[in-house]
$ cat upload-v7.csv   # CSV, C-alpha atoms
chain,number,residue,atom,x,y,z
O,1,MET,CA,-23.1,17.2,-8.5
O,2,ILE,CA,-21.6,14.4,-6.5
O,3,PHE,CA,-19.2,12.3,-8.5
O,4,ARG,CA,-18.4,8.9,-7.1
O,5,GLU,CA,-16.0,6.7,-9.0
O,6,VAL,CA,-17.1,3.1,-9.3
O,7,GLU,CA,-15.0,1.1,-6.9
O,8,ASP,CA,-13.5,-2.3,-7.5
O,9,ARG,CA,-15.9,-3.8,-4.9
O,10,ASP,CA,-18.9,-2.6,-7.0
O,11,LEU,CA,-17.4,-4.1,-10.1
O,12,ILE,CA,-16.7,-7.3,-8.4
O,13,ALA,CA,-20.2,-7.6,-7.1
O,14,SER,CA,-21.6,-6.9,-10.5
O,15,ALA,CA,-19.3,-9.3,-12.2
O,16,THR,CA,-20.2,-12.0,-9.7
O,17,ARG,CA,-23.8,-11.6,-10.9
O,18,GLY,CA,-22.6,-12.4,-14.4
O,19,HIS,CA,-22.1,-8.9,-15.9
O,20,VAL,CA,-19.1,-9.3,-18.1
O,21,GLU,CA,-18.9,-5.6,-18.9
O,22,ALA,CA,-18.3,-4.9,-15.3
O,23,TYR,CA,-15.5,-7.5,-15.2
O,24,ASN,CA,-14.0,-6.0,-18.3
O,25,VAL,CA,-13.7,-2.6,-16.5
O,26,LEU,CA,-12.1,-4.4,-13.6
O,27,VAL,CA,-9.6,-6.1,-16.0
O,28,SER,CA,-8.7,-2.8,-17.6
O,29,ARG,CA,-7.7,-1.4,-14.2
O,30,TRP,CA,-5.4,-4.3,-13.3
O,31,GLU,CA,-4.1,-5.8,-16.6
O,32,LYS,CA,-1.1,-3.6,-16.9
O,33,ARG,CA,0.1,-4.3,-13.3
O,34,ILE,CA,-0.5,-8.0,-13.7
O,35,PHE,CA,1.2,-8.1,-17.1
O,36,ASN,CA,4.3,-6.2,-15.8
O,37,TYR,CA,4.5,-8.4,-12.7
O,38,LEU,CA,4.4,-11.5,-14.9
O,39,LEU,CA,6.8,-10.0,-17.5
O,40,ARG,CA,9.4,-9.4,-14.8
O,41,LEU,CA,8.9,-12.8,-13.4
O,42,VAL,CA,8.9,-15.0,-16.5
O,43,ARG,CA,10.8,-12.5,-18.7
O,44,GLN,CA,9.1,-13.3,-22.0
O,45,ARG,CA,6.5,-10.9,-23.4
O,46,GLU,CA,4.3,-13.6,-25.1
O,47,ASP,CA,4.4,-15.8,-22.0
O,48,ALA,CA,3.5,-12.9,-19.8
O,49,PHE,CA,0.6,-11.9,-22.0
O,50,ASP,CA,-0.7,-15.5,-22.2
O,51,LEU,CA,-0.4,-15.9,-18.5
O,52,SER,CA,-2.2,-12.5,-18.0
O,53,GLN,CA,-5.2,-13.8,-20.0
O,54,ASP,CA,-5.2,-17.0,-18.0
O,55,VAL,CA,-5.1,-15.1,-14.7
O,56,PHE,CA,-8.1,-13.0,-15.5
O,57,LEU,CA,-10.1,-15.9,-16.8
O,58,LYS,CA,-9.4,-17.9,-13.7
O,59,ALA,CA,-10.2,-14.9,-11.6
O,60,TYR,CA,-13.6,-14.6,-13.3
O,61,GLN,CA,-14.4,-18.2,-12.9
O,62,ASN,CA,-13.5,-18.1,-9.2
O,63,LEU,CA,-14.8,-14.6,-8.3
O,64,LYS,CA,-17.6,-16.1,-6.2
O,65,LYS,CA,-15.0,-17.7,-3.9
O,66,LEU,CA,-13.6,-14.2,-3.1
O,67,ASP,CA,-15.0,-13.6,0.4
O,68,ASP,CA,-13.7,-10.1,0.9
O,69,PRO,CA,-13.6,-7.7,-2.1
O,70,ALA,CA,-11.0,-5.7,-0.2
O,71,LYS,CA,-8.6,-8.5,-0.7
O,72,PHE,CA,-9.0,-8.6,-4.4
O,73,PRO,CA,-5.5,-7.3,-5.3
O,74,ALA,CA,-3.7,-9.9,-3.1
O,75,TRP,CA,-6.1,-12.6,-4.4
O,76,LEU,CA,-5.4,-11.7,-8.0
O,77,PHE,CA,-1.7,-11.6,-7.5
O,78,ARG,CA,-1.9,-15.0,-5.8
O,79,ILE,CA,-3.5,-16.4,-9.0
O,80,ALA,CA,-0.8,-14.7,-11.0
O,81,HIS,CA,1.9,-16.1,-8.8
O,82,ASN,CA,0.5,-19.7,-9.2
O,83,GLU,CA,0.3,-19.3,-13.0
O,84,ALA,CA,3.8,-18.0,-13.3
O,85,TYR,CA,5.3,-20.7,-11.1
O,86,SER,CA,3.4,-23.3,-13.0
O,87,LEU,CA,5.1,-22.1,-16.2
O,88,LEU,CA,8.5,-21.6,-14.6
O,89,ARG,CA,8.4,-25.2,-13.2
O,90,LYS,CA,7.5,-26.5,-16.6
O,91,ASN,CA,10.3,-24.7,-18.3
O,92,ARG,CA,12.9,-25.5,-15.7
O,93,PRO,CA,12.2,-29.0,-14.5
O,94,GLU,CA,15.8,-29.7,-13.5
O,95,GLY,CA,16.0,-26.9,-10.9
O,96,GLU,CA,17.8,-24.6,-13.2
O,97,LEU,CA,17.8,-21.3,-11.3
O,98,THR,CA,18.8,-18.4,-13.5
O,99,VAL,CA,19.1,-17.6,-17.1
O,100,GLU,CA,20.5,-14.7,-18.9
O,101,PRO,CA,18.3,-11.7,-19.2
O,102,LYS,CA,16.0,-11.8,-22.3
O,103,MET,CA,14.6,-8.4,-22.3
O,104,ALA,CA,16.1,-7.0,-25.4
O,105,GLU,CA,12.8,-7.2,-27.3
O,106,SER,CA,11.0,-5.0,-24.8
O,107,SER,CA,10.5,-1.4,-25.3
O,108,GLY,CA,12.9,1.2,-23.9
O,109,GLY,CA,12.1,3.7,-21.2
O,110,LEU,CA,12.7,7.4,-20.7
O,111,PHE,CA,15.7,6.7,-18.5
O,112,PRO,CA,19.3,6.1,-19.6
O,113,ILE,CA,19.5,2.7,-21.3
O,114,GLU,CA,22.6,1.8,-19.3
O,115,MET,CA,20.7,2.1,-16.0
O,116,THR,CA,17.7,0.2,-17.3
O,117,LEU,CA,19.9,-2.6,-18.5
O,118,ALA,CA,21.8,-2.7,-15.3
O,119,VAL,CA,18.6,-3.0,-13.3
O,120,ARG,CA,17.3,-5.7,-15.6
O,121,GLY,CA,20.5,-7.6,-15.3
O,122,ALA,CA,20.6,-7.3,-11.5
O,123,LEU,CA,17.0,-8.6,-11.3
O,124,ALA,CA,17.8,-11.5,-13.6
O,125,LYS,CA,20.6,-12.6,-11.3
O,126,LEU,CA,18.2,-13.1,-8.4
O,127,SER,CA,16.4,-16.4,-7.8
O,128,ASP,CA,12.8,-16.5,-8.8
O,129,ASP,CA,11.7,-16.3,-5.2
O,130,GLN,CA,13.9,-13.3,-4.4
O,131,ARG,CA,12.9,-11.5,-7.6
O,132,GLU,CA,9.2,-12.0,-6.9
O,133,ALA,CA,9.7,-10.6,-3.4
O,134,VAL,CA,11.2,-7.5,-4.9
O,135,LEU,CA,8.4,-7.2,-7.5
O,136,LEU,CA,5.6,-7.5,-5.0
O,137,LYS,CA,7.2,-5.0,-2.6
O,138,VAL,CA,9.0,-2.4,-4.7
O,139,TYR,CA,6.8,-2.5,-7.8
O,140,GLN,CA,3.4,-3.5,-6.5
O,141,GLY,CA,3.7,-2.0,-3.0
O,142,PHE,CA,2.2,-4.9,-1.0
O,143,LYS,CA,2.7,-5.1,2.7
O,144,PHE,CA,4.6,-8.0,4.2
O,145,GLU,CA,1.4,-9.7,5.4
O,146,GLU,CA,-0.2,-9.5,1.9
O,147,MET,CA,3.0,-10.9,0.4
O,148,ALA,CA,2.8,-13.8,2.8
O,149,GLU,CA,-0.7,-14.5,1.7
O,150,ILE,CA,0.2,-14.2,-2.0
O,151,LEU,CA,3.2,-16.5,-1.7
O,152,SER,CA,1.7,-18.8,0.9
O,153,CYS,CA,4.6,-18.5,3.3
O,154,PRO,CA,5.4,-16.9,6.6
O,155,VAL,CA,6.2,-13.2,6.9
O,156,SER,CA,9.7,-14.1,8.1
O,157,THR,CA,10.3,-16.0,4.8
O,158,VAL,CA,9.1,-13.0,2.9
O,159,LYS,CA,11.4,-10.7,4.8
O,160,SER,CA,14.3,-13.0,4.4
O,161,ARG,CA,13.9,-13.3,0.6
O,162,LEU,CA,13.4,-9.5,0.2
O,163,TYR,CA,16.4,-8.6,2.4
O,164,THR,CA,18.7,-11.0,0.7
O,165,ALA,CA,17.5,-9.7,-2.7
O,166,LEU,CA,18.2,-6.1,-1.6
O,167,ASP,CA,21.7,-7.0,-0.5
O,168,LEU,CA,22.4,-8.7,-3.8
O,169,LEU,CA,20.9,-5.9,-5.8
O,170,LYS,CA,22.9,-3.4,-3.9
O,171,GLN,CA,26.1,-5.3,-4.7
O,172,THR,CA,25.2,-5.7,-8.3
O,173,LEU,CA,24.3,-2.1,-8.8
O,174,ALA,CA,27.4,-0.9,-7.0
O,175,PRO,CA,29.3,0.1,-10.1
O,176,VAL,CA,26.6,2.6,-10.9
O,177,ASN,CA,26.0,3.5,-7.3
O,178,ILE,CA,26.4,7.0,-5.9
O,179,GLY,CA,30.2,7.6,-6.3
O,180,GLY,CA,30.7,3.9,-6.0
O,181,ALA,CA,30.3,4.2,-2.2
O,182,GLU,CA,31.1,1.0,-0.4
X,1,MET,CA,19.8,2.6,20.0
X,2,ASN,CA,22.6,0.5,18.5
X,3,CYS,CA,23.1,-0.4,14.9
X,4,SER,CA,21.9,-4.0,15.2
X,5,ALA,CA,18.5,-2.8,16.4
X,6,ILE,CA,18.0,-0.7,13.3
X,7,ASP,CA,16.1,-2.3,10.4
X,8,LEU,CA,17.2,0.0,7.5
X,9,LYS,CA,15.7,-2.3,4.8
X,10,ALA,CA,12.3,-2.2,6.4
X,11,PHE,CA,12.7,1.6,6.6
X,12,VAL,CA,13.6,1.9,2.9
X,13,VAL,CA,10.6,-0.3,1.8
X,14,GLY,CA,8.1,1.6,4.0
X,15,GLU,CA,7.3,-1.2,6.5
X,16,LEU,CA,8.0,0.8,9.6
X,17,GLY,CA,5.5,2.7,11.8
X,18,ARG,CA,5.9,6.4,12.4
X,19,GLN,CA,7.7,5.9,15.8
X,20,GLU,CA,10.1,3.4,14.3
X,21,GLN,CA,10.8,5.7,11.4
X,22,THR,CA,11.7,8.5,13.7
X,23,ALA,CA,14.0,6.2,15.7
X,24,VAL,CA,15.8,5.2,12.5
X,25,GLU,CA,16.1,8.8,11.3
X,26,ASP,CA,17.6,9.9,14.6
X,27,HIS,CA,20.1,7.0,14.6
X,28,VAL,CA,21.2,7.5,11.0
X,29,ARG,CA,21.9,11.2,11.7
X,30,ALA,CA,24.3,10.2,14.4
X,31,CYS,CA,25.8,7.0,12.8
X,32,PRO,CA,28.0,7.5,9.7
X,33,GLY,CA,28.0,3.8,8.9
X,34,CYS,CA,24.3,3.4,8.9
X,35,HIS,CA,24.0,6.7,7.1
X,36,ALA,CA,26.1,5.3,4.2
X,37,GLU,CA,24.2,2.0,4.2
X,38,LEU,CA,20.9,3.9,4.0
X,39,GLU,CA,22.2,5.9,1.0
X,40,ARG,CA,23.2,2.7,-0.8
X,41,LEU,CA,19.8,1.1,-0.1
X,42,ASN,CA,18.0,4.2,-1.2
X,43,PHE,CA,20.0,4.3,-4.3
X,44,THR,CA,19.2,0.7,-5.0
X,45,ARG,CA,15.5,1.3,-4.5
X,46,SER,CA,15.6,4.3,-6.8
X,47,ALA,CA,17.4,2.4,-9.5
X,48,LEU,CA,14.8,-0.3,-9.3
X,49,THR,CA,11.9,2.1,-9.7
X,50,MET,CA,13.6,3.5,-12.8
X,51,LEU,CA,12.4,0.4,-14.7
X,52,GLU,CA,9.3,1.6,-16.3
X,53,ASP,CA,6.1,-0.4,-16.7
X,54,GLU,CA,5.6,-1.7,-20.2
X,55,GLU,CA,2.4,-1.5,-22.1
X,56,ILE,CA,0.4,-4.6,-22.5
X,57,PRO,CA,0.6,-5.9,-26.1
X,58,ARG,CA,-3.2,-6.2,-26.5
X,59,ARG,CA,-6.1,-5.3,-24.2
X,60,ILE,CA,-7.7,-8.2,-22.4
X,61,ALA,CA,-11.5,-8.3,-22.7
X,62,PHE,CA,-14.1,-11.0,-22.3
X,63,VAL,CA,-17.2,-11.3,-24.4
X,64,SER,CA,-20.6,-12.1,-22.9
X,65,ASP,CA,-21.3,-15.8,-22.8
X,66,ARG,CA,-24.8,-17.1,-22.4
X,67,VAL,CA,-23.4,-19.7,-20.0
X,68,PHE,CA,-22.5,-17.0,-17.6
X,69,GLU,CA,-25.5,-14.7,-18.2
X,70,PRO,CA,-28.2,-14.8,-15.5
X,71,ARG,CA,-31.4,-16.5,-16.5
X,72,TRP,CA,-34.8,-14.8,-16.3
X,73,TRP,CA,-35.6,-16.8,-13.2
X,74,GLN,CA,-32.3,-15.9,-11.6
X,75,THR,CA,-33.0,-12.3,-12.2
X,76,MET,CA,-36.5,-12.7,-10.8
X,77,TRP,CA,-35.3,-14.7,-7.8
X,78,ARG,CA,-32.8,-12.0,-6.9
X,79,SER,CA,-35.2,-9.1,-7.3
X,80,GLY,CA,-37.2,-8.5,-4.1
X,81,GLN,CA,-39.6,-6.1,-5.9
X,82,ALA,CA,-40.4,-8.6,-8.7
X,83,MET,CA,-41.0,-11.3,-6.1
X,84,GLY,CA,-43.3,-9.0,-4.2
X,85,PHE,CA,-45.2,-8.1,-7.3
X,86,ALA,CA,-45.6,-11.8,-8.3
X,87,SER,CA,-46.9,-12.6,-4.8
X,88,ALA,CA,-49.4,-9.8,-4.9
X,89,ALA,CA,-50.6,-10.9,-8.4
X,90,LEU,CA,-50.9,-14.5,-7.2
X,91,LEU,CA,-53.0,-13.4,-4.2
X,92,ALA,CA,-55.3,-11.3,-6.4
X,93,VAL,CA,-55.8,-14.2,-8.8
X,94,ALA,CA,-56.6,-16.5,-5.9
X,95,ILE,CA,-59.2,-14.1,-4.5
X,96,LEU,CA,-60.9,-13.7,-7.9
X,97,ALA,CA,-60.9,-17.4,-8.5
X,98,HIS,CA,-62.5,-18.1,-5.2
X,99,GLY,CA,-65.2,-15.6,-5.8
X,100,PHE,CA,-66.2,-17.1,-9.2
X,101,VAL,CA,-65.8,-20.8,-8.3
X,102,ARG,CA,-67.6,-20.7,-5.0
X,103,PRO,CA,-70.6,-18.2,-5.2
X,104,LEU,CA,-72.6,-17.6,-2.1
X,105,ALA,CA,-75.9,-19.5,-1.9
X,106,PRO,CA,-79.0,-17.2,-2.1
X,107,VAL,CA,-80.8,-16.7,1.2
X,108,SER,CA,-84.6,-17.0,1.3
X,109,GLY,CA,-87.1,-15.9,3.9
X,110,SER,CA,-87.7,-12.5,5.3
X,111,SER,CA,-87.5,-13.5,9.0
X,112,VAL,CA,-83.8,-14.3,8.9
X,113,ASP,CA,-81.4,-12.1,10.8
X,114,THR,CA,-79.3,-11.0,7.8
X,115,ALA,CA,-76.7,-9.2,9.9
X,116,LYS,CA,-75.7,-12.4,11.7
X,117,ILE,CA,-75.7,-14.4,8.5
X,118,GLU,CA,-73.5,-11.8,6.8
X,119,GLN,CA,-71.2,-11.9,9.7
X,120,ARG,CA,-71.0,-15.7,9.6
X,121,VAL,CA,-70.5,-15.7,5.9
X,122,GLU,CA,-67.8,-13.2,6.1
X,123,ALA,CA,-66.0,-15.2,8.7
X,124,GLN,CA,-66.3,-18.4,6.7
X,125,VAL,CA,-65.1,-16.6,3.5
X,126,ALA,CA,-62.2,-15.1,5.4
X,127,ALA,CA,-61.2,-18.5,6.8
X,128,ARG,CA,-61.5,-20.2,3.4
X,129,LEU,CA,-59.7,-17.3,1.6
X,130,ASN,CA,-56.9,-17.6,4.1
X,131,THR,CA,-56.6,-21.3,3.5
X,132,VAL,CA,-56.6,-20.9,-0.3
X,133,ILE,CA,-54.0,-18.1,-0.2
X,134,VAL,CA,-51.7,-20.0,2.1
X,135,LYS,CA,-52.1,-23.1,-0.2
X,136,ALA,CA,-51.5,-21.0,-3.4
X,137,VAL,CA,-48.4,-19.4,-2.0
X,138,ASN,CA,-47.0,-22.7,-0.8
X,139,ASP,CA,-47.8,-24.3,-4.2
X,140,ALA,CA,-46.1,-21.5,-6.0
X,141,GLN,CA,-43.0,-21.6,-3.8
X,142,THR,CA,-42.8,-25.4,-4.2
X,143,LYS,CA,-43.2,-25.2,-7.9
X,144,GLN,CA,-40.6,-22.4,-8.2
X,145,ALA,CA,-38.1,-24.4,-6.1
X,146,ALA,CA,-38.7,-27.5,-8.2
X,147,ASP,CA,-38.3,-25.5,-11.4
X,148,PHE,CA,-35.1,-23.9,-10.0
X,149,ALA,CA,-33.6,-27.3,-9.1
X,150,LYS,CA,-34.6,-28.6,-12.6
X,151,VAL,CA,-33.0,-25.8,-14.5
X,152,LEU,CA,-29.9,-25.8,-12.2
X,153,ASN,CA,-29.5,-29.5,-12.8
X,154,ALA,CA,-29.8,-29.2,-16.5
X,155,THR,CA,-27.3,-26.3,-16.6
X,156,GLU,CA,-24.8,-28.3,-14.5
X,157,THR,CA,-25.2,-31.3,-16.8
X,158,ARG,CA,-24.7,-29.1,-19.9
X,159,LEU,CA,-21.7,-27.4,-18.5
X,160,GLU,CA,-20.1,-30.8,-17.5
X,161,LEU,CA,-20.7,-32.1,-21.1
X,162,GLN,CA,-19.2,-28.9,-22.5
X,163,ARG,CA,-16.2,-29.1,-20.2
X,164,GLN,CA,-15.6,-32.7,-21.2
X,165,SER,CA,-15.9,-31.8,-24.8
X,166,ASP,CA,-13.5,-28.9,-24.4
X,167,LEU,CA,-11.1,-31.1,-22.6
X,168,ALA,CA,-11.1,-33.6,-25.4
X,169,THR,CA,-10.5,-30.9,-27.9
X,170,VAL,CA,-7.6,-29.4,-26.0
X,171,GLN,CA,-6.1,-32.9,-25.6
X,172,GLN,CA,-6.4,-33.5,-29.3
X,173,ALA,CA,-4.8,-30.1,-30.1
X,174,ALA,CA,-2.0,-30.8,-27.6
X,175,GLU,CA,-1.3,-34.2,-29.2
X,176,TYR,CA,-1.3,-32.6,-32.6
X,177,TYR,CA,1.2,-29.9,-31.6
X,178,ARG,CA,3.4,-32.5,-29.8
X,179,LYS,CA,3.6,-34.5,-33.0
X,180,GLN,CA,4.3,-31.4,-35.0
X,181,LEU,CA,7.0,-30.4,-32.6
X,182,ALA,CA,8.6,-33.9,-32.8
X,183,ARG,CA,8.4,-33.7,-36.6
X,184,PHE,CA,10.2,-30.3,-36.5
X,185,GLU,CA,12.8,-31.6,-34.2
X,186,VAL,CA,13.5,-34.6,-36.4
X,187,ALA,CA,13.7,-32.4,-39.4
X,188,SER,CA,16.1,-30.0,-37.7
X,189,ASN,CA,18.3,-32.8,-36.5
X,190,GLN,CA,18.6,-34.2,-40.0
X,191,GLY,CA,19.7,-30.9,-41.4
X,192,PRO,CA,19.3,-29.6,-45.0
X,193,ALA,CA,19.2,-32.2,-47.8
X,194,GLN,CA,22.5,-32.5,-49.8

$ encode --input "upload-v7.csv" --output "structure tokens"
Amino acid sequence: MIFREVEDRDLIASATRGHVEAYNVLVSRWEKRIFNYLLRLVRQREDAFDLSQDVFLKAYQNLKKLDDPAKFPAWLFRIAHNEAYSLLRKNRPEGELTVEPKMAESSGGLFPIEMTLAVRGALAKLSDDQREAVLLKVYQGFKFEEMAEILSCPVSTVKSRLYTALDLLKQTLAPVNIGGAE
Amino acid sequence: MNCSAIDLKAFVVGELGRQEQTAVEDHVRACPGCHAELERLNFTRSALTMLEDEEIPRRIAFVSDRVFEPRWWQTMWRSGQAMGFASAALLAVAILAHGFVRPLAPVSGSSVDTAKIEQRVEAQVAARLNTVIVKAVNDAQTKQAADFAKVLNATETRLELQRQSDLATVQQAAEYYRKQLARFEVASNQGPAQ
């Protein structure tokens, strides 16, 4: 028997024809990634969940505008990026850059709590742009070109943000680094 | 290769090609400074990946909405087989109708060359039949296009009205919550009653 998993492109084609169930399957494949991306960007669980719903609703409404189904991930994260920044701009109109980490309400992981807190704290110290570059590269595995599409900026800007963020993270995480090597 | 030509960060985040990766690996083996920097970057990356994904509070799902469901004529339009069947049925109806509406006139006289007459009649029938079929197909296509445009127009109008109605509802709700919020703020500024 030949088993072929239904691919995203098939689900997209079906959803474009108005089949909501196909779209729900597509949502179930991507909701966790989108939610975590938004959670680390806006740092509020309720906001992240509300934004996730908005992202998938907008994606459904605009699915026909997606020319190449292979670009669905970058296209979806582009919508998520726009939604998140819309909220961030609304919440911080005066150009306030950073706030203290507000992740205490989230669930714990399997790793030492000290390390988890250190990483969250280090991410929180980054600017929104730098943090998003780290999220898209380290947590979502996008290529520089895809990140440039999502963020609507040149690849050089993407690299600059990511490299600066990595330098800052390296410094912040130094106390828990390997033997404190400097 | 000197240190300035080495992009350790691109190496750590997996953006280098195989050849560039090998060049970095060779350089790092020979350069203690870059080796230490690479360790720090690798550790930073490992620390970042320790942050586990969280579960989404509730599953996101959409219910079927009639607005987004394809109409019968949309399904029909998109189905080649159904269109083919409809065309064949239309053709059959046209042939039958022609046969009943325009019966052949009886031929009298025994001296007539029936073969020639039959041949001529067949040619005329074929010509008329062809005309009727072409006309019927054209009429059907025109009617279908008109129906399609009409339904599309009605749907667009309905959606626009619905959108405006939803917008008004949302604005009312936003206004209500703004007032509520202002009320709460006033109440919290006043503090508890003495």

$ closest_residue --input "upload-v7.csv" --among "O:Glu145, O:Asp8, O:Asp67, O:Asp129" --to "chain X" --atoms "all atoms listed in the file"
O:Glu145

$ closest_residue --input "upload-v7.csv" --among "O:Phe72, O:Met147, O:Ala122, O:Val155" --to "Lys170 (chain O)" --atoms "all atoms listed in the file"
O:Ala122

$ interface_residues --input "upload-v7.csv" --of "chain X" --to "chain O" --cutoff "12 Å" --atoms "only C-alpha atoms" --output "number ranges by chain"
X: 7-16, 33-71, 74-75, 78

$ write_last_selection --input "upload-v7.csv" --atoms "C-alpha atoms" --output "tab-separated table (two decimals), keeping the file's coordinate frame"
chain	number	residue	atom	x	y	z
X	7	ASP	CA	16.10	-2.30	10.40
X	8	LEU	CA	17.20	0.00	7.50
X	9	LYS	CA	15.70	-2.30	4.80
X	10	ALA	CA	12.30	-2.20	6.40
X	11	PHE	CA	12.70	1.60	6.60
X	12	VAL	CA	13.60	1.90	2.90
X	13	VAL	CA	10.60	-0.30	1.80
X	14	GLY	CA	8.10	1.60	4.00
X	15	GLU	CA	7.30	-1.20	6.50
X	16	LEU	CA	8.00	0.80	9.60
X	33	GLY	CA	28.00	3.80	8.90
X	34	CYS	CA	24.30	3.40	8.90
X	35	HIS	CA	24.00	6.70	7.10
X	36	ALA	CA	26.10	5.30	4.20
X	37	GLU	CA	24.20	2.00	4.20
X	38	LEU	CA	20.90	3.90	4.00
X	39	GLU	CA	22.20	5.90	1.00
X	40	ARG	CA	23.20	2.70	-0.80
X	41	LEU	CA	19.80	1.10	-0.10
X	42	ASN	CA	18.00	4.20	-1.20
X	43	PHE	CA	20.00	4.30	-4.30
X	44	THR	CA	19.20	0.70	-5.00
X	45	ARG	CA	15.50	1.30	-4.50
X	46	SER	CA	15.60	4.30	-6.80
X	47	ALA	CA	17.40	2.40	-9.50
X	48	LEU	CA	14.80	-0.30	-9.30
X	49	THR	CA	11.90	2.10	-9.70
X	50	MET	CA	13.60	3.50	-12.80
X	51	LEU	CA	12.40	0.40	-14.70
X	52	GLU	CA	9.30	1.60	-16.30
X	53	ASP	CA	6.10	-0.40	-16.70
X	54	GLU	CA	5.60	-1.70	-20.20
X	55	GLU	CA	2.40	-1.50	-22.10
X	56	ILE	CA	0.40	-4.60	-22.50
X	57	PRO	CA	0.60	-5.90	-26.10
X	58	ARG	CA	-3.20	-6.20	-26.50
X	59	ARG	CA	-6.10	-5.30	-24.20
X	60	ILE	CA	-7.70	-8.20	-22.40
X	61	ALA	CA	-11.50	-8.30	-22.70
X	62	PHE	CA	-14.10	-11.00	-22.30
X	63	VAL	CA	-17.20	-11.30	-24.40
X	64	SER	CA	-20.60	-12.10	-22.90
X	65	ASP	CA	-21.30	-15.80	-22.80
X	66	ARG	CA	-24.80	-17.10	-22.40
X	67	VAL	CA	-23.40	-19.70	-20.00
X	68	PHE	CA	-22.50	-17.00	-17.60
X	69	GLU	CA	-25.50	-14.70	-18.20
X	70	PRO	CA	-28.20	-14.80	-15.50
X	71	ARG	CA	-31.40	-16.50	-16.50
X	74	GLN	CA	-32.30	-15.90	-11.60
X	75	THR	CA	-33.00	-12.30	-12.20
X	78	ARG	CA	-32.80	-12.00	-6.90

$ atom_distance --input "upload-v7.csv" --atom1 "CA of Leu63 (chain O)" --atom2 "CA of Glu146 (chain O)"
18.5 Å

$ atom_distance --input "upload-v7.csv" --atom1 "CA of Thr164 (chain O)" --atom2 "CA of Ala148 (chain O)"
16.3 Å

$ atom_distance --input "upload-v7.csv" --atom1 "CA of Lys116 (chain X)" --atom2 "CA of Lys135 (chain X)"
28.5 Å

$ residues_around --input "upload-v7.csv" --residues "Ala70 (chain O)" --least-positions-apart "4" --cutoff "12 Å" --atoms "all atoms listed in the file" --output "JSON, numbers by chain"
{"O": [7, 8, 9, 10, 11, 12, 13, 66, 74, 75, 76, 146]}

$ decode --input "upload-v7.csv" --residues "region 165-179 of chain X" --atoms "C-alpha atoms" --output "compact mmCIF listing (two decimals), in the first residue's frame"
# COMPACT_ATOMS: atom_id res chain seq x y z
CA SER X 165 -22.98 45.88 9.54
CA ASP X 166 -20.12 44.05 11.26
CA LEU X 167 -18.01 47.19 11.20
CA ALA X 168 -20.79 49.18 12.84
CA THR X 169 -21.19 46.49 15.51
CA VAL X 170 -17.48 46.44 16.21
CA GLN X 171 -17.36 50.20 16.47
CA GLN X 172 -20.26 50.20 18.90
CA ALA X 173 -18.59 47.53 20.99
CA ALA X 174 -15.29 49.41 20.97
CA GLU X 175 -17.06 52.58 22.06
CA TYR X 176 -18.82 50.71 24.84
CA TYR X 177 -15.57 49.23 26.14
CA ARG X 178 -13.85 52.60 25.90
CA LYS X 179 -16.54 54.11 28.09
